[in-house]
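What follows is the content of target_8.txt (compact mmCIF, C-alpha atoms).
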# COMPACT_ATOMS: atom_id res chain seq x y z
CA MET A 1 -44.05 25.75 7.36
CA LEU A 2 -44.38 22.59 9.40
CA GLN A 3 -43.32 20.65 6.32
CA LEU A 4 -40.16 22.74 6.04
CA ILE A 5 -39.28 22.16 9.68
CA ASP A 6 -39.92 18.46 9.18
CA LYS A 7 -37.61 18.41 6.16
CA ILE A 8 -34.81 20.26 7.94
CA GLY A 9 -35.16 17.95 10.90
CA ARG A 10 -34.92 14.84 8.77
CA GLY A 11 -31.98 16.22 6.79
CA THR A 12 -30.05 17.11 9.93
CA GLY A 13 -30.78 13.71 11.41
CA LYS A 14 -29.47 11.99 8.29
CA VAL A 15 -26.24 14.01 8.18
CA VAL A 16 -25.59 13.52 11.88
CA GLY A 17 -26.27 9.80 11.44
CA ILE A 18 -23.77 9.54 8.60
CA LEU A 19 -21.10 11.46 10.50
CA TYR A 20 -21.66 9.49 13.67
CA GLN A 21 -21.40 6.19 11.79
CA ALA A 22 -18.23 7.46 10.08
CA GLY A 23 -16.76 8.24 13.50
CA ARG A 24 -17.72 4.84 14.81
CA ASP A 25 -16.15 3.11 11.79
CA THR A 26 -12.98 5.15 12.28
CA ILE A 27 -12.62 4.29 15.96
CA ASP A 28 -13.25 0.62 15.12
CA GLN A 29 -10.45 0.70 12.54
CA VAL A 30 -8.11 2.47 14.94
CA ILE A 31 -8.71 -0.08 17.69
CA THR A 32 -8.71 -3.22 15.56
CA ASN A 33 -6.06 -2.33 12.97
CA ILE A 34 -3.91 0.64 13.81
CA LEU A 35 -3.24 0.52 17.55
CA PRO A 36 -2.23 -3.17 17.66
CA PHE A 37 0.29 -2.58 14.91
CA MET A 38 1.64 0.54 16.61
CA ALA A 39 2.08 -1.42 19.85
CA PHE A 40 3.86 -4.19 17.98
CA VAL A 41 6.12 -1.80 16.07
CA SER A 42 6.94 0.10 19.28
CA PHE A 43 7.97 -3.09 21.02
CA ILE A 44 10.21 -4.08 18.10
CA ILE A 45 11.79 -0.63 18.00
CA GLY A 46 12.29 -0.64 21.78
CA LEU A 47 13.96 -4.02 21.53
CA ILE A 48 16.17 -2.88 18.68
CA LEU A 49 17.19 0.47 20.11
CA SER A 50 18.00 -0.72 23.63
CA THR A 51 19.76 -4.00 22.82
CA GLY A 52 22.61 -4.95 20.52
CA VAL A 53 20.19 -6.20 17.86
CA GLY A 54 20.06 -2.70 16.39
CA THR A 55 23.73 -2.72 15.50
CA VAL A 56 23.45 -6.08 13.75
CA ILE A 57 20.41 -4.99 11.74
CA ALA A 58 21.94 -1.62 10.98
CA ASN A 59 25.08 -3.33 9.72
CA THR A 60 23.09 -5.40 7.21
CA LEU A 61 20.37 -2.89 6.34
CA VAL A 62 22.36 0.32 6.12
CA PRO A 63 24.71 -0.78 3.31
CA LEU A 64 21.70 -2.08 1.35
CA SER A 65 19.51 0.96 1.82
CA SER A 66 21.97 3.83 1.75
CA ASN A 67 22.60 3.72 -2.00
CA LEU A 68 20.67 3.02 -5.17
CA ILE A 69 22.52 -0.18 -6.09
CA GLY A 70 21.79 -1.71 -2.68
CA LEU A 71 18.12 -0.80 -2.96
CA LEU A 72 17.96 -2.33 -6.44
CA VAL A 73 19.40 -5.55 -5.03
CA LEU A 74 16.91 -5.42 -2.12
CA SER A 75 13.95 -4.85 -4.45
CA PHE A 76 15.09 -7.70 -6.70
CA ILE A 77 15.36 -10.09 -3.75
CA VAL A 78 11.95 -9.29 -2.26
CA THR A 79 10.22 -9.64 -5.65
CA LEU A 80 11.66 -13.04 -6.57
CA PRO A 81 8.60 -15.15 -7.51
CA PHE A 82 9.32 -17.80 -4.86
CA LEU A 83 10.07 -15.29 -2.07
CA SER A 84 7.47 -12.59 -2.64
CA PRO A 85 4.44 -14.72 -1.61
CA LEU A 86 6.25 -15.60 1.64
CA LEU A 87 7.18 -11.97 2.40
CA GLY A 88 3.77 -10.56 1.51
CA PRO A 89 1.26 -11.47 4.26
CA GLY A 90 -0.24 -8.45 6.00
CA ALA A 91 2.59 -6.32 4.61
CA VAL A 92 4.21 -7.08 7.99
CA ILE A 93 7.73 -7.59 6.66
CA GLY A 94 7.52 -4.49 4.47
CA GLN A 95 6.29 -2.41 7.38
CA ILE A 96 8.97 -3.64 9.78
CA ILE A 97 11.84 -3.15 7.34
CA GLY A 98 10.37 0.23 6.40
CA THR A 99 10.25 1.28 10.05
CA LEU A 100 13.83 0.11 10.61
CA VAL A 101 15.03 2.03 7.57
CA GLY A 102 13.07 5.03 8.92
CA VAL A 103 14.91 4.77 12.22
CA GLU A 104 18.24 4.69 10.38
CA ILE A 105 17.21 7.73 8.31
CA GLY A 106 16.38 9.53 11.55
CA ARG A 107 19.80 8.64 12.94
CA GLY A 108 21.49 9.89 9.80
CA ASN A 109 22.96 6.52 8.78
CA VAL A 110 20.81 6.36 5.63
CA PRO A 111 20.69 9.52 3.50
CA VAL A 112 17.26 11.13 3.41
CA SER A 113 17.42 11.25 -0.40
CA MET A 114 16.99 7.45 -0.35
CA ALA A 115 13.64 7.71 1.49
CA MET A 116 11.45 7.39 -1.62
CA PRO A 117 13.44 4.63 -3.37
CA ALA A 118 13.59 2.72 -0.06
CA MET A 119 9.84 3.01 0.35
CA PHE A 120 9.32 1.21 -2.95
CA ALA A 121 12.19 -1.23 -2.44
CA VAL A 122 10.97 -2.62 0.90
CA ASN A 123 7.43 -2.93 -0.42
CA GLY A 124 8.08 -4.63 -3.77
CA GLN A 125 6.31 -7.78 -2.58
CA CYS A 126 3.06 -6.01 -1.68
CA GLY A 127 0.06 -8.28 -2.13
CA CYS A 128 2.03 -11.18 -3.64
CA ASP A 129 0.61 -13.60 -1.06
CA PHE A 130 -2.90 -12.53 -2.00
CA VAL A 131 -2.95 -12.91 -5.81
CA PRO A 132 -5.20 -16.01 -6.04
CA VAL A 133 -7.60 -14.55 -3.46
CA GLY A 134 -7.64 -11.18 -5.22
CA LEU A 135 -8.38 -12.86 -8.55
CA ALA A 136 -11.13 -14.96 -6.99
CA MET A 137 -12.61 -11.81 -5.40
CA SER A 138 -12.71 -10.32 -8.91
CA GLU A 139 -14.73 -13.37 -9.99
CA ALA A 140 -11.97 -14.56 -12.32
CA GLU A 141 -12.39 -17.95 -13.99
CA GLU A 142 -10.19 -20.85 -12.97
CA GLU A 143 -8.06 -20.60 -16.09
CA THR A 144 -7.54 -16.86 -15.55
CA ILE A 145 -6.24 -17.62 -12.05
CA GLU A 146 -3.99 -20.36 -13.40
CA TYR A 147 -2.23 -17.94 -15.77
CA GLY A 148 -2.81 -14.79 -13.72
CA VAL A 149 -0.90 -15.80 -10.58
CA PRO A 150 2.43 -16.46 -12.36
CA ALA A 151 1.85 -13.39 -14.55
CA VAL A 152 1.70 -11.14 -11.47
CA LEU A 153 4.60 -12.85 -9.68
CA TYR A 154 6.92 -12.83 -12.74
CA SER A 155 6.12 -9.26 -13.67
CA ARG A 156 6.97 -8.16 -10.13
CA THR A 157 10.58 -9.19 -10.62
CA ILE A 158 10.67 -6.77 -13.57
CA THR A 159 8.72 -3.90 -12.01
CA GLY A 160 10.38 -4.15 -8.56
CA PRO A 161 13.71 -2.63 -9.67
CA ILE A 162 11.89 -0.29 -12.12
CA ALA A 163 9.97 1.07 -9.11
CA VAL A 164 13.19 1.91 -7.27
CA ILE A 165 14.65 3.78 -10.26
CA LEU A 166 11.36 5.58 -10.86
CA ALA A 167 11.19 6.59 -7.18
CA TRP A 168 14.75 7.91 -7.40
CA VAL A 169 13.80 10.00 -10.44
CA PHE A 170 10.68 11.26 -8.67
CA SER A 171 12.66 12.30 -5.59
CA LEU A 172 15.04 14.50 -7.63
CA GLY A 173 14.66 18.15 -6.76
CA MET A 174 12.97 17.47 -3.43
CA SER A 175 13.14 20.57 -1.24
CA TRP A 176 15.68 19.08 1.19
CA GLN A 177 18.32 18.47 -1.46
CA MET B 1 24.14 -9.00 42.25
CA ALA B 2 25.40 -6.07 40.20
CA ALA B 3 24.96 -8.16 37.06
CA LEU B 4 21.38 -8.96 38.03
CA VAL B 5 20.64 -5.28 38.55
CA ARG B 6 22.11 -4.45 35.15
CA LEU B 7 20.01 -7.18 33.56
CA ALA B 8 16.87 -5.80 35.20
CA GLU B 9 17.76 -2.30 34.05
CA GLY B 10 18.33 -3.48 30.50
CA PHE B 11 15.05 -5.38 30.59
CA SER B 12 13.00 -2.38 31.67
CA ALA B 13 14.89 -0.13 29.23
CA ILE B 14 13.42 -2.13 26.34
CA PHE B 15 9.87 -1.31 27.42
CA LYS B 16 10.66 2.25 28.42
CA THR B 17 12.07 2.96 24.95
CA GLY B 18 9.19 1.05 23.39
CA GLY B 19 6.68 3.05 25.41
CA GLU B 20 8.26 6.34 24.39
CA THR B 21 8.17 5.23 20.76
CA PHE B 22 4.53 4.24 21.14
CA MET B 23 3.56 7.62 22.61
CA GLY B 24 5.51 9.27 19.82
CA ILE B 25 3.78 7.50 16.94
CA ALA B 26 0.35 7.23 18.55
CA GLY B 27 0.35 10.85 19.73
CA GLY B 28 1.87 12.11 16.50
CA ILE B 29 -0.17 10.17 13.96
CA LEU B 30 -3.49 9.23 15.58
CA PRO B 31 -5.31 12.50 16.45
CA ALA B 32 -5.28 14.02 12.96
CA LEU B 33 -5.71 10.57 11.39
CA ILE B 34 -8.92 9.89 13.34
CA VAL B 35 -10.51 13.19 12.35
CA LEU B 36 -9.43 12.84 8.72
CA MET B 37 -10.72 9.27 8.51
CA THR B 38 -14.06 10.29 9.99
CA ALA B 39 -14.48 13.03 7.39
CA ILE B 40 -13.51 10.77 4.50
CA ASN B 41 -15.65 7.86 5.71
CA ALA B 42 -18.64 10.23 5.75
CA LEU B 43 -17.79 11.56 2.28
CA VAL B 44 -17.49 8.03 0.92
CA SER B 45 -20.87 6.93 2.24
CA ILE B 46 -22.40 9.96 0.51
CA ILE B 47 -20.68 9.29 -2.85
CA GLY B 48 -21.69 5.61 -2.97
CA ILE B 49 -20.24 2.75 -5.01
CA GLU B 50 -22.43 2.95 -8.14
CA ARG B 51 -20.10 5.56 -9.59
CA VAL B 52 -17.11 3.26 -9.08
CA GLU B 53 -18.89 0.44 -10.90
CA ASN B 54 -19.61 2.71 -13.86
CA LEU B 55 -15.96 3.72 -14.02
CA GLY B 56 -14.95 0.04 -14.02
CA ARG B 57 -17.26 -0.84 -16.92
CA ARG B 58 -15.77 1.96 -18.98
CA ALA B 59 -12.16 1.07 -18.12
CA GLY B 60 -12.33 -2.37 -19.75
CA GLY B 61 -11.87 -1.21 -23.36
CA ASP B 62 -8.94 -2.11 -25.62
CA SER B 63 -7.62 1.36 -26.42
CA PRO B 64 -4.08 2.03 -25.10
CA LEU B 65 -5.42 5.37 -23.87
CA LEU B 66 -7.29 3.39 -21.21
CA TRP B 67 -4.09 1.98 -19.69
CA PRO B 68 -3.66 4.74 -17.09
CA VAL B 69 -7.41 4.72 -16.44
CA ARG B 70 -7.63 0.96 -15.91
CA TYR B 71 -4.39 0.52 -14.00
CA PHE B 72 -4.12 3.71 -11.99
CA PHE B 73 -7.28 5.80 -11.91
CA TYR B 74 -9.81 3.01 -11.47
CA PRO B 75 -7.95 1.08 -8.72
CA PHE B 76 -7.07 4.31 -6.94
CA ILE B 77 -10.65 5.63 -6.94
CA ALA B 78 -11.96 2.19 -5.97
CA GLY B 79 -9.38 2.09 -3.15
CA PHE B 80 -10.38 5.56 -1.99
CA ILE B 81 -14.09 4.73 -1.86
CA LEU B 82 -14.10 1.04 -0.95
CA THR B 83 -10.75 0.64 0.89
CA ASN B 84 -8.98 -2.64 1.63
CA PRO B 85 -9.99 -5.44 0.96
CA ILE B 86 -13.31 -4.74 -0.82
CA THR B 87 -11.47 -2.91 -3.62
CA HIS B 88 -10.12 -6.20 -4.97
CA MET B 89 -13.67 -7.27 -5.88
CA MET B 90 -14.08 -4.45 -8.36
CA GLY B 91 -12.06 -6.30 -11.02
CA LYS B 92 -15.26 -8.19 -11.82
CA PHE B 93 -16.34 -5.34 -14.10
CA LEU B 94 -13.30 -5.86 -16.35
CA PRO B 95 -12.81 -8.51 -19.10
CA GLU B 96 -11.11 -11.73 -17.93
CA ARG B 97 -7.88 -10.95 -19.80
CA TYR B 98 -7.26 -7.77 -17.78
CA LYS B 99 -7.99 -9.23 -14.34
CA ALA B 100 -4.42 -10.30 -13.53
CA ALA B 101 -3.10 -6.81 -14.23
CA TRP B 102 -6.04 -5.39 -12.28
CA VAL B 103 -5.26 -7.26 -9.05
CA GLU B 104 -1.61 -6.32 -9.42
CA ASN B 105 -2.66 -2.70 -9.22
CA SER B 106 -5.52 -3.00 -6.76
CA PHE B 107 -2.80 -4.25 -4.37
CA ARG B 108 -0.52 -1.34 -5.21
CA ALA B 109 -3.40 1.11 -4.82
CA MET B 110 -3.68 -0.02 -1.20
CA HIS B 111 -0.32 1.58 -0.37
CA TYR B 112 0.70 4.50 -2.58
CA GLY B 113 -2.03 6.87 -1.43
CA LEU B 114 -1.47 6.25 2.28
CA GLY B 115 0.57 9.43 2.78
CA LEU B 116 -2.44 11.58 1.88
CA PHE B 117 -5.41 9.25 2.47
CA PRO B 118 -4.61 6.86 5.33
CA HIS B 119 -8.20 5.56 5.46
CA ILE B 120 -7.49 3.45 2.35
CA ASN B 121 -5.60 0.85 4.34
CA PRO B 122 -4.98 1.91 7.96
CA GLY B 123 -3.78 -1.56 8.97
CA GLU B 124 -0.76 -1.25 6.66
CA ILE B 125 -0.02 2.42 7.21
CA PHE B 126 3.59 1.72 8.19
CA THR B 127 4.50 0.85 4.61
CA TRP B 128 4.37 4.65 4.32
CA ALA B 129 4.69 5.91 7.91
CA GLY B 130 7.74 3.79 8.79
CA ILE B 131 10.07 5.69 6.52
CA ALA B 132 8.08 8.93 6.66
CA SER B 133 8.44 9.15 10.44
CA GLY B 134 12.22 8.82 10.02
CA VAL B 135 12.14 11.72 7.56
CA GLU B 136 9.91 13.69 9.90
CA SER B 137 12.25 13.16 12.86
CA LEU B 138 14.93 15.03 10.88
CA GLY B 139 12.61 18.03 10.83
CA TYR B 140 11.45 17.80 7.21
CA SER B 141 7.82 18.08 6.13
CA THR B 142 6.35 14.83 4.86
CA SER B 143 3.67 16.45 2.67
CA GLU B 144 5.97 16.76 -0.31
CA LEU B 145 7.10 13.19 0.17
CA ALA B 146 3.44 12.06 0.30
CA VAL B 147 2.56 13.84 -2.95
CA ARG B 148 5.62 12.49 -4.76
CA TYR B 149 4.94 9.00 -3.38
CA LEU B 150 1.46 9.06 -4.93
CA LEU B 151 2.60 10.55 -8.26
CA CYS B 152 5.42 8.03 -8.56
CA GLY B 153 2.92 5.32 -7.63
CA ALA B 154 0.62 6.49 -10.43
CA VAL B 155 3.33 6.13 -13.07
CA LEU B 156 4.51 2.85 -11.60
CA MET B 157 0.98 1.41 -11.54
CA THR B 158 0.46 2.24 -15.20
CA ILE B 159 3.79 0.64 -16.11
CA SER B 160 3.28 -2.45 -13.99
CA GLY B 161 -0.27 -2.83 -15.34
CA ILE B 162 1.09 -2.92 -18.88
CA VAL B 163 3.92 -5.30 -17.93
CA THR B 164 1.58 -7.70 -16.13
CA GLU B 165 -0.99 -7.55 -18.93
CA ARG B 166 1.68 -8.43 -21.53
CA MET B 167 3.07 -11.15 -19.24
CA TYR B 168 -0.41 -12.67 -18.90
CA PHE B 169 -0.98 -12.59 -22.67
CA TRP B 170 2.42 -14.23 -23.22
CA LEU B 171 1.84 -16.98 -20.64
CA TRP B 172 -1.65 -17.57 -22.01
CA ALA B 173 -0.41 -17.86 -25.60
CA ARG B 174 2.29 -20.29 -24.50
CA GLY B 175 -0.38 -22.53 -22.95
CA HIS B 176 -2.77 -22.27 -25.92
CA ASN B 177 -0.64 -22.87 -29.02
CA GLY B 178 -0.05 -19.16 -29.57
CA GLN B 179 -3.73 -18.15 -29.41
CA PRO B 180 -4.41 -14.88 -27.56
CA PRO B 181 -7.01 -14.85 -24.75
CA THR B 182 -10.51 -14.25 -26.12
CA ASN B 183 -12.62 -13.03 -23.19
Show how you would write the structure in this file as structure tokens.
Amino acid sequence: MLQLIDKIGRGTGKVVGILYQAGRDTIDQVITNILPFMAFVSFIIGLILSTGVGTVIANTLVPLSSNLIGLLVLSFIVTLPFLSPLLGPGAVIGQIIGTLVGVEIGRGNVPVSMAMPAMFAVNGQCGCDFVPVGLAMSEAEEETIEYGVPAVLYSRTITGPIAVILAWVFSLGMSWQ
Amino acid sequence: MAALVRLAEGFSAIFKTGGETFMGIAGGILPALIVLMTAINALVSIIGIERVENLGRRAGGDSPLLWPVRYFFYPFIAGFILTNPITHMMGKFLPERYKAAWVENSFRAMHYGLGLFPHINPGEIFTWAGIASGVESLGYSTSELAVRYLLCGAVLMTISGIVTERMYFWLWARGHNGQPPTN
């Protein structure tokens, strides 16, 4: 009987410990990763909405993101092998352009049917700054890195526009259309 | 004087709008996100990483049937359990010749699940939430968008894995008198 109580006690303690640690990890991530970016994005959006900058950005971004051809062009540009490593770090550029396109979707300047293709178009460069590090983290040999980095960057230029078309196909028949 | 007042008004309008936006996204996204992340973090520490390693060892075979496993399923599961950036280390269980295509997709796996599982990469959640919040502000549900985003990502990851793998083989052969990579 005492043994059973002991077992239950230990089990409960372990589960509570795991859950508590999970909560602590979550709050850490929220404070160190999520909130700073939200603050930063909010400032940018505030700046854009309440000054004339918004009109300028809208005038360049809306024609590119309101139709499939424009998005294909955008995805091709961001995946060019010499640009993608510069646009990649922290996914900051992708997140900002994504948020701006989101604002324009909310205002009705970009059709909502372009949401999915735009999501892939603005993010075509994801990770391109990180290829050598990623390969090294996978314990790749030096020669693998030497051929692997251009392989990833070149193939992006092919798969970037493919992603946009694929996303367009996948957003057919969405319930809002 | 009047111009100065207008300048001051414009200046404070920037931060007022920014503050409203901040309350909107923080209040709208954070509460459910925190609870969800806590639950998943707990689940992940129960599952453990040994299972992921086993999956990786099996995904390294040469059969074309393994393409979706190696380039979508494995990076996605690794991303779900290990999150960013530890996921990128899991390529070490694959043969050298597949590592380039692996990192290609371990990067992609950091984004395409974010609509459903934001714990994978909370620091880059706006790659999903930026556009999704625009869709949401029109009154549409984003769940369908999240599911389609992930499904489309799955197909795209398989395709881009194959493309990168072929590209690597081609570049390698060009540098080695037409010999394919051996390990």
Any chance you could tabulate, as JSON lines, the residues of chain B at most 7 Å from chain A with each one's nearest atom pair and distance in Å to one decimal, using all atoms listed in the file, in chain and rising number order?
{"residue": "B:Ala13", "atom": "CA", "partner": "A:Ser50", "partner_atom": "CA", "distance": 6.4}
{"residue": "B:Ile14", "atom": "CA", "partner": "A:Gly46", "partner_atom": "CA", "distance": 4.9}
{"residue": "B:Phe15", "atom": "CA", "partner": "A:Gly46", "partner_atom": "CA", "distance": 6.2}
{"residue": "B:Thr17", "atom": "CA", "partner": "A:Gly46", "partner_atom": "CA", "distance": 4.8}
{"residue": "B:Gly18", "atom": "CA", "partner": "A:Gly46", "partner_atom": "CA", "distance": 3.9}
{"residue": "B:Gly19", "atom": "CA", "partner": "A:Ser42", "partner_atom": "CA", "distance": 6.8}
{"residue": "B:Thr21", "atom": "CA", "partner": "A:Ser42", "partner_atom": "CA", "distance": 5.5}
{"residue": "B:Phe22", "atom": "CA", "partner": "A:Ser42", "partner_atom": "CA", "distance": 5.1}
{"residue": "B:Ile34", "atom": "CA", "partner": "A:Thr26", "partner_atom": "CA", "distance": 6.3}
{"residue": "B:Met37", "atom": "CA", "partner": "A:Thr26", "partner_atom": "CA", "distance": 6.0}
{"residue": "B:Thr38", "atom": "CA", "partner": "A:Gly23", "partner_atom": "CA", "distance": 4.9}
{"residue": "B:Asn41", "atom": "CA", "partner": "A:Ala22", "partner_atom": "CA", "distance": 5.1}
{"residue": "B:Ala42", "atom": "CA", "partner": "A:Ala22", "partner_atom": "CA", "distance": 5.2}
{"residue": "B:His88", "atom": "CA", "partner": "A:Gly134", "partner_atom": "CA", "distance": 5.6}
{"residue": "B:Met89", "atom": "CA", "partner": "A:Ser138", "partner_atom": "CA", "distance": 4.4}
{"residue": "B:Met90", "atom": "CA", "partner": "A:Ser138", "partner_atom": "CA", "distance": 6.1}
{"residue": "B:Gly91", "atom": "CA", "partner": "A:Ser138", "partner_atom": "CA", "distance": 4.6}
{"residue": "B:Lys92", "atom": "CA", "partner": "A:Ser138", "partner_atom": "CA", "distance": 4.4}
{"residue": "B:Glu96", "atom": "CA", "partner": "A:Ala140", "partner_atom": "CA", "distance": 6.3}
{"residue": "B:Lys99", "atom": "CA", "partner": "A:Leu135", "partner_atom": "CA", "distance": 6.8}
{"residue": "B:Ala100", "atom": "CA", "partner": "A:Gly148", "partner_atom": "CA", "distance": 4.8}
{"residue": "B:Val103", "atom": "CA", "partner": "A:Gly134", "partner_atom": "CA", "distance": 6.0}
{"residue": "B:Glu104", "atom": "CA", "partner": "A:Val152", "partner_atom": "CA", "distance": 6.2}
{"residue": "B:Phe107", "atom": "CA", "partner": "A:Gly127", "partner_atom": "CA", "distance": 5.4}
{"residue": "B:Arg108", "atom": "CA", "partner": "A:Cys126", "partner_atom": "CA", "distance": 6.9}
{"residue": "B:Pro122", "atom": "CA", "partner": "A:Ile34", "partner_atom": "CA", "distance": 6.1}
{"residue": "B:Gly123", "atom": "CA", "partner": "A:Asn33", "partner_atom": "CA", "distance": 4.7}
{"residue": "B:Glu124", "atom": "CA", "partner": "A:Ala91", "partner_atom": "CA", "distance": 6.4}
{"residue": "B:Phe126", "atom": "CA", "partner": "A:Gln95", "partner_atom": "CA", "distance": 5.0}
{"residue": "B:Thr127", "atom": "CA", "partner": "A:Gln95", "partner_atom": "CA", "distance": 4.6}
{"residue": "B:Trp128", "atom": "CA", "partner": "A:Met119", "partner_atom": "CA", "distance": 7.0}
{"residue": "B:Gly130", "atom": "CA", "partner": "A:Thr99", "partner_atom": "CA", "distance": 3.8}
{"residue": "B:Ile131", "atom": "CA", "partner": "A:Gly102", "partner_atom": "CA", "distance": 3.9}
{"residue": "B:Ala132", "atom": "CA", "partner": "A:Gly102", "partner_atom": "CA", "distance": 6.7}
{"residue": "B:Ser133", "atom": "CA", "partner": "A:Gly102", "partner_atom": "CA", "distance": 6.4}
{"residue": "B:Gly134", "atom": "CA", "partner": "A:Gly102", "partner_atom": "CA", "distance": 4.0}
{"residue": "B:Val135", "atom": "CA", "partner": "A:Gly106", "partner_atom": "CA", "distance": 6.2}
{"residue": "B:Ser137", "atom": "CA", "partner": "A:Gly106", "partner_atom": "CA", "distance": 5.7}
{"residue": "B:Leu138", "atom": "CA", "partner": "A:Gly106", "partner_atom": "CA", "distance": 5.7}
{"residue": "B:Arg148", "atom": "CA", "partner": "A:Phe170", "partner_atom": "CA", "distance": 6.5}
{"residue": "B:Tyr149", "atom": "CA", "partner": "A:Met116", "partner_atom": "CA", "distance": 6.9}
{"residue": "B:Cys152", "atom": "CA", "partner": "A:Ala167", "partner_atom": "CA", "distance": 6.1}
{"residue": "B:Leu156", "atom": "CA", "partner": "A:Ala163", "partner_atom": "CA", "distance": 6.3}
{"residue": "B:Ser160", "atom": "CA", "partner": "A:Thr159", "partner_atom": "CA", "distance": 6.0}
{"residue": "B:Val163", "atom": "CA", "partner": "A:Ser155", "partner_atom": "CA", "distance": 6.2}
{"residue": "B:Thr164", "atom": "CA", "partner": "A:Ser155", "partner_atom": "CA", "distance": 5.4}
{"residue": "B:Met167", "atom": "CA", "partner": "A:Ala151", "partner_atom": "CA", "distance": 5.3}
{"residue": "B:Tyr168", "atom": "CA", "partner": "A:Ala151", "partner_atom": "CA", "distance": 5.0}
{"residue": "B:Leu171", "atom": "CA", "partner": "A:Tyr147", "partner_atom": "CA", "distance": 6.4}
{"residue": "B:Trp172", "atom": "CA", "partner": "A:Tyr147", "partner_atom": "CA", "distance": 6.3}
For range 55-66 of chain B: contacts at 9 Å, all atoms listed in the file, fewer than 2 positions along chain excluded, given as a list in words: Glu50, Arg51, Val52, Glu53, Pro68, Val69, Arg70, Tyr71, Tyr74, Pro75, Ala78, Met90, Gly91, Lys92, Phe93, Leu94, Pro95 and Tyr98 of chain B
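Of note, CA of Ser84 in chain A and CA of Ile125 in chain B are spaced 19.5 Å apart.
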Separation of CA of Ile86 in chain B from CA of Ala26 in chain B in Å: 26.6 Å
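Put simply, CA of Thr87 in chain B is 8.7 Å away from CA of Met110 in chain B.
Shortest separation to Arg166 in chain B among B:Leu151, B:Asn183, B:Ala101, B:Glu136 occurs at residue B:Ala101, atoms counted being only C-alpha atoms.
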